[in-house]
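> Sharing a structure with you now.
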Amino acid sequence: MSEHTPRPGSVALVTGGSGGFGRALAARLRDADVRVVLADLDSPRNRAVAEELGVGFAVLDVTDHAANQAVVAAVEAEHGRLDAAFLNAGIAGSGTTDALDVEEYLRVVAIDLHGVVYGTDAARPALRRAGGGSVVVTASLAGLSPMPTDQAYSVAKAGAVAFVRSIAPVLHAEGITISAICPGFADTAIIDPLREHFAAADFPVLTADEVAAAMAQAWTSADPGAAYVVQPGVGAVPYRFKGVPAAKTTAGESARIPTQLMGPL
Ligand SMILES: NC(=O)c1ccc[n+]([C@@H]2O[C@H](COP(=O)([O-])OP(=O)(O)OC[C@H]3O[C@@H](n4cnc5c(N)ncnc54)[C@H](O)[C@@H]3O)[C@@H](O)[C@H]2O)c1
């Protein structure tokens, strides 16, 4: 991705915004004169993060479709526009592999996958009204390289990447670029339960700011539907998806997919 900065005065919404990546991103964007609203679960700690950064705060549980729409409406009412939606809220599973914990599985998928789908749906009309814009989804390397110790997280993040790739051409036709960021392990609260293993194995983890830099860059420079791997010592690089074998006609030629199924490509 090339280096561009967002237009000063533009408006960004960051879900899960009080967490590690959200904070680092908000500080970067604020310093670039972007008007930032962090959206997160309601708690004194989450509100304090926004206050300390000097940015806005909105209460949001991303699993609530109507609440996503209400937050976007509130941002537009206060700031007059929305230029970028960073759909970043997420949780990991507990890593228990003995048997399926149905409640935990549904919770992880509701936040990490449905939250992205609902957030995109809510931001889309506002981004159109702004004359176009960006959706940047924080997926994970686990969405490209599944984790044997967290199936729910792997399913949800792979689903988020698939959603981004699926809707990208449709949004692109409306002037909206959607992309996914797929970081490896990074130094935020989400890896607290694993931290000692990384230290013991001398395994490098990303800083939150390295990931925030890739997120900010994706706003202005991502290709529609791209998934950017972020790894220590590697930076942000587009993941190259392999194609699938095309169906063969009776004549043995590669069949063309009916144009009605292709969307606005
Ligand atoms: N840190 C890593 O190693 C890593 C690697 C790859 C991807 N990610 C992803 O990055 C994103 C940000 O995570 P982070 O590392 O900053 O962790 P974090 O735990 O610091 O932040 C996650 C934030 O999401 C919020 N959140 C949780 N449930 C929510 C809900 N229902 N509605 C709204 N907000 C909710 C939390 O309150 C928290 O502020 C997540 O999607 C995570 O899966 C993290």
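Residues are referred to by chain and number: the chain letter is A, B, ... according to the order shown in the structure tokens, the number counts from 1 in that chain, and ligands are numbered separately from 1 in the order shown.
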Select the residues contacting ligand 1 at a distance of at most 6 Å, based on only C-alpha atoms and all ligand atoms, then format the selection as a PyMOL selection string.
chain A and resi 15-22+40-41+60-63+88-91+111+138-140+183-191
> Find the residues of region 132-195 of chain A that sit at most 10 Å from region 118-128 of chain A; for each, write down the nearest two atoms and how far apart they are in Å, to one decimal. Count only C-alpha atoms. Sort by chain, then by number going up, and give it as JSON lines.

{"residue": "A:Gly132", "atom": "CA", "partner": "A:Arg128", "partner_atom": "CA", "distance": 4.9}
{"residue": "A:Gly133", "atom": "CA", "partner": "A:Leu127", "partner_atom": "CA", "distance": 5.3}
{"residue": "A:Ser134", "atom": "CA", "partner": "A:Leu127", "partner_atom": "CA", "distance": 7.4}
{"residue": "A:Val135", "atom": "CA", "partner": "A:Thr120", "partner_atom": "CA", "distance": 7.0}
{"residue": "A:Val136", "atom": "CA", "partner": "A:Thr120", "partner_atom": "CA", "distance": 9.3}
{"residue": "A:Val137", "atom": "CA", "partner": "A:Thr120", "partner_atom": "CA", "distance": 9.0}
{"residue": "A:Phe163", "atom": "CA", "partner": "A:Thr120", "partner_atom": "CA", "distance": 9.9}
{"residue": "A:Val164", "atom": "CA", "partner": "A:Thr120", "partner_atom": "CA", "distance": 9.4}
{"residue": "A:Ile167", "atom": "CA", "partner": "A:Thr120", "partner_atom": "CA", "distance": 9.5}
{"residue": "A:Leu171", "atom": "CA", "partner": "A:Arg124", "partner_atom": "CA", "distance": 8.0}
{"residue": "A:Glu174", "atom": "CA", "partner": "A:Arg128", "partner_atom": "CA", "distance": 6.6}
{"residue": "A:Gly175", "atom": "CA", "partner": "A:Arg128", "partner_atom": "CA", "distance": 7.1}
{"residue": "A:Ile176", "atom": "CA", "partner": "A:Leu127", "partner_atom": "CA", "distance": 7.0}
{"residue": "A:Thr177", "atom": "CA", "partner": "A:Leu127", "partner_atom": "CA", "distance": 9.9}
{"residue": "A:Ile178", "atom": "CA", "partner": "A:Thr120", "partner_atom": "CA", "distance": 8.8}
> Write out as a short mmCIF file (atom, residue, chain, number, x, y, z; two decimals) with N, CA, C and O atoms, in the first residue's frame the residues lying within 12 Å of Gly263 (chain A), counting only C-alpha atoms and excluding same-chain residues fewer than 6 positions away.

data_model
loop_
_atom_site.label_atom_id
_atom_site.label_comp_id
_atom_site.auth_asym_id
_atom_site.auth_seq_id
_atom_site.Cartn_x
_atom_site.Cartn_y
_atom_site.Cartn_z
N SER A 166 -16.51 -10.67 -0.68
CA SER A 166 -17.79 -10.84 -1.34
C SER A 166 -18.45 -9.49 -1.66
O SER A 166 -18.96 -9.28 -2.76
N ILE A 167 -18.41 -8.58 -0.71
CA ILE A 167 -19.14 -7.31 -0.89
C ILE A 167 -18.29 -6.23 -1.57
O ILE A 167 -18.82 -5.21 -2.00
N ALA A 168 -16.98 -6.47 -1.68
CA ALA A 168 -16.08 -5.43 -2.19
C ALA A 168 -16.51 -4.87 -3.56
O ALA A 168 -16.56 -3.65 -3.75
N PRO A 169 -16.85 -5.73 -4.55
CA PRO A 169 -17.22 -5.17 -5.86
C PRO A 169 -18.50 -4.34 -5.81
O PRO A 169 -18.63 -3.34 -6.52
N VAL A 170 -19.42 -4.77 -4.95
CA VAL A 170 -20.70 -4.06 -4.83
C VAL A 170 -20.45 -2.67 -4.24
O VAL A 170 -20.97 -1.65 -4.73
N LEU A 171 -19.64 -2.62 -3.18
CA LEU A 171 -19.35 -1.32 -2.55
C LEU A 171 -18.49 -0.44 -3.46
O LEU A 171 -18.66 0.79 -3.50
N HIS A 172 -17.57 -1.09 -4.17
CA HIS A 172 -16.68 -0.32 -5.06
C HIS A 172 -17.50 0.47 -6.07
O HIS A 172 -17.18 1.62 -6.39
N ALA A 173 -18.59 -0.16 -6.56
CA ALA A 173 -19.46 0.51 -7.53
C ALA A 173 -20.15 1.73 -6.92
O ALA A 173 -20.66 2.59 -7.64
N ILE A 257 -18.91 -18.06 -15.64
CA ILE A 257 -19.99 -17.88 -14.67
C ILE A 257 -21.02 -16.93 -15.27
O ILE A 257 -20.64 -15.91 -15.87
#
> Could you check how far CA of Ala158 (chain A) sits from CA of Gly243 (chain A), in Å to one decimal?
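For CA of Ala158 (chain A) relative to CA of Gly243 (chain A), the distance reads 16.4 Å.
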> Taking 3 positions as the minimum chain separation for residues in the same chain, which residues sit within 10 Å of Gly9 (chain A) when counting only C-alpha atoms? Answer as a PyMOL selection string.
chain A and resi 6+12+30+32-36+79+83
> How many Å lie between CA of Val244 (chain A) and CA of Ala180 (chain A), rounded to one decimal?
20.8 Å
> Using only C-alpha atoms, which residues sit within 10 Å of region 146-152 of chain A once same-chain residues fewer than 4 positions away are excluded, as number ranges by chain?
A: 92-97, 100-102, 104-109, 112, 140-142, 156-158
> Using DSSP on the backbone, list every residue of region 2-188 of chain A that comes out as alpha helix (DSSP H), and give them as a PyMOL selection string.
chain A and resi 20-31+44-53+65-79+102-109+115-129+151-172
> Hey, which of A:Ala130, A:Ala160, A:Leu13, A:Ala227 ends up closest to Arg81 (chain A)? Count only C-alpha atoms.
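Answer, going by the shortest atom-to-atom distance: A:Ala130.
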> Just the number, please: distance in Å from CA of Ser145 (chain A) to CA of Ala226 (chain A), one decimal.
15.9 Å
> Which residues are close to Val59 (chain A), i.e. within 9 Å by only C-alpha atoms, leaving aside same-chain residues fewer than 5 positions away? Reply as a ChimeraX atom specification.
/A:38-43,47,67,71
> Keeping C-alpha atoms, export the residues of the selection given above as a PDB file, in the first residue's frame.

ATOM      1  CA  LEU A  38     -14.574   5.493  19.353  1.00  0.00           C
ATOM      2  CA  ALA A  39     -17.495   3.088  19.680  1.00  0.00           C
ATOM      3  CA  ASP A  40     -17.275   0.439  22.371  1.00  0.00           C
ATOM      4  CA  LEU A  41     -19.143  -1.267  25.183  1.00  0.00           C
ATOM      5  CA  ASP A  42     -20.262   1.092  27.923  1.00  0.00           C
ATOM      6  CA  SER A  43     -17.809   1.236  30.824  1.00  0.00           C
ATOM      7  CA  ARG A  47     -15.197   6.265  28.136  1.00  0.00           C
ATOM      8  CA  ALA A  67     -27.407  -0.002  17.505  1.00  0.00           C
ATOM      9  CA  VAL A  71     -24.259   5.154  16.172  1.00  0.00           C
TER      10      VAL A  71
END
> Using only C-alpha atoms for the distances, tell me which of A:Asp192, A:Val161, A:Ala255, A:Cys182 is nearest to Ala212 (chain A).
A:Cys182
> Select from region 189-232 of chain A everything DSSP, run on the backbone, classes as strand (DSSP E), then give the selection as a list in words.
Ala227, Tyr228, Val229, Val230 and Gln231 of chain A
> Which of these residues is nearest to Gly54 (chain A), using only C-alpha atoms: A:Val211, A:Ala66, A:Ala27, A:Leu113?
A:Ala27
